[in-house]
Amino acid sequence: MTSIGGAGMVDWNLAVATATRLVRPGPEISREEAREVVAELRRHAKAAEEHVRGFTRMIPEGTEPEDTPVLVVDRAGWIKANVAGFRELLRPLLEKMEERRGGSAGGAVLGAVGSKVTGVEVGMLLSFLASRVLGQYETFAPATRELPASADGGGRLLLVAPNIVHVERELEVDPHDFRLWVALHEETHRTQFTAVPWLRDHLQGEIQSFLDETDVDPMTVLERLREAAQSLAGGRPEGEEGEDGGRSLVEVVQTPAQREILGRLTAVMSLLEGHADYVMDGVGPEVVSSVGEIREKFQQRRARGASRLDQALRKLLGLDAKLRQYRDGERFVRVVVDEVGMDGFNRVWTSPNTLPTKAEIAKPEDWIARVHRKAES
């Protein structure tokens, strides 16, 4: 089994095997229908590219941004892709934790627990997430034989076919419209990163700065992983919270410096997610006839959530924060576009200095005053 840093903090191969074994089966579908879904999703991804370019005006006519592959995957494929991305992104942090483990009071205990136990726990969490993600633009995706990425070693768009079919059936919406609607959201993310060359490096730099500032006992992170896995397995009563009030995995490792970085990251992610929601609904009326029905039912599904166990896990993994990012970010984009137009909004992509702060996401007029009125005065 491949591991990271000496004996290794996480057995990633075992994480993949565990998640693949535990993930819920997808919806019942014939082989012929499955082929048709895959083919249609690929067509929609191609069509969405032109729709998003025309609506956002982020890519000047006559220019071609770097191409990135579109992959239609099953739940196991999503798991493999995300483990590869996590492994690459978290490598510096895990190496740091591995070094600290040797000299910490909990080092011997963690060594006894071993990378295999941690791999199982990571796998359990991935199995939970793998049945919920409809699509994803992988920004930091190392290329593999099974999962190609862009030429520079990062970037691919994933559409998770069984999850899309599951949700369209659950919502009882037109499947062809829903598949295009999802493709529009994910294609917007691909456009964001291919049209704005500095965005990937900026985001990676912020994440690495966050990880570099981590100064936490490895046992704390391991315990948080175990807590989440036990919740998933039913080993922790639903609704029960620890002494820290049920903080997420991200919140538990924050230092003062990290809180500052996390504020900037939250603002960027709110912008990216909100922009994608704004675009998918803006393009929708022209190409997705039932977009109003889809959005209403999908919003109800988001708000409703699932069981108390599902809600507890979303809190622990920080997924409730992601839902707020969709809402707050979409409002920011809508207010700015209404005030200064799409080209005026696109100034947000000029440089890291024109990205909104977390406070400006909540008060878009402050961003307009800083970026537009200051430049015009």
# chains A, B, ... in the order shown; residues from 1 in each chain; ligands from 1
>>> residues_around(residues="region 124-128 of chain A", least_positions_apart="2", cutoff="8 Å", atoms="only C-alpha atoms", output="PyMOL selection string")
chain A and resi 15+18-20+22-24+79+120-122+130-132+228-229+232
>>> closest_residue(among="A:Pro60, A:Pro148, A:Gln300, A:Pro256", to="Val196 (chain A)", atoms="only C-alpha atoms")
A:Pro60
>>> closest_residue(among="A:Ala141, A:Val133, A:Glu170, A:Glu50", to="Glu88 (chain A)", atoms="only C-alpha atoms")
A:Ala141
>>> atom_distance(atom1="CA of Ala267 (chain A)", atom2="CA of Val52 (chain A)")
22.2 Å
>>> atom_distance(atom1="CA of Glu360 (chain A)", atom2="CA of Ala183 (chain A)")
28.4 Å
>>> atom_distance(atom1="CA of Ile164 (chain A)", atom2="CA of Asp177 (chain A)")
11.4 Å
>>> residues_around(residues="Pro352 (chain A)", least_positions_apart="2", cutoff="10 Å", atoms="only C-alpha atoms", output="NGL selection string")
:A and (198-199 or 202-203 or 268 or 348-350 or 354-356)
>>> write_last_selection(atoms="C-alpha atoms", output="tab-separated table (two decimals), in the first residue's frame")
chain	number	residue	atom	x	y	z
A	198	TRP	CA	-3.74	33.17	-12.25
A	199	LEU	CA	-6.74	31.80	-10.33
A	202	HIS	CA	-3.65	31.89	-6.29
A	203	LEU	CA	-6.05	29.37	-4.79
A	268	VAL	CA	-13.21	33.11	-3.19
A	348	VAL	CA	-13.46	40.63	-10.37
A	349	TRP	CA	-11.16	38.38	-12.45
A	350	THR	CA	-8.50	41.08	-13.04
A	354	THR	CA	-9.99	42.62	-7.23
A	355	LEU	CA	-11.41	39.49	-5.63
A	356	PRO	CA	-14.10	40.30	-3.04
>>> residues_around(residues="Ile361 (chain A)", least_positions_apart="3", cutoff="9 Å", atoms="only C-alpha atoms", output="PDB file with C-alpha atoms, in the first residue's frame")
ATOM      1  CA  ALA A 267     -14.777  34.667  -0.075  1.00  0.00           C
ATOM      2  CA  SER A 270     -18.427  31.898  -2.349  1.00  0.00           C
ATOM      3  CA  LEU A 271     -17.651  33.880  -5.500  1.00  0.00           C
ATOM      4  CA  ASP A 328     -24.234  34.340  -0.425  1.00  0.00           C
ATOM      5  CA  GLY A 329     -22.110  34.164  -3.552  1.00  0.00           C
ATOM      6  CA  ARG A 331     -26.515  37.200  -4.218  1.00  0.00           C
ATOM      7  CA  PHE A 332     -23.158  39.000  -4.566  1.00  0.00           C
ATOM      8  CA  VAL A 333     -22.962  38.247  -8.291  1.00  0.00           C
ATOM      9  CA  PRO A 356     -14.095  40.302  -3.043  1.00  0.00           C
ATOM     10  CA  THR A 357     -13.321  39.998   0.640  1.00  0.00           C
ATOM     11  CA  LYS A 358     -15.566  37.992   2.923  1.00  0.00           C
ATOM     12  CA  PRO A 364     -21.565  43.840  -2.641  1.00  0.00           C
ATOM     13  CA  ASP A 366     -18.587  47.862  -0.864  1.00  0.00           C
ATOM     14  CA  TRP A 367     -16.849  45.856  -3.592  1.00  0.00           C
TER      15      TRP A 367
END
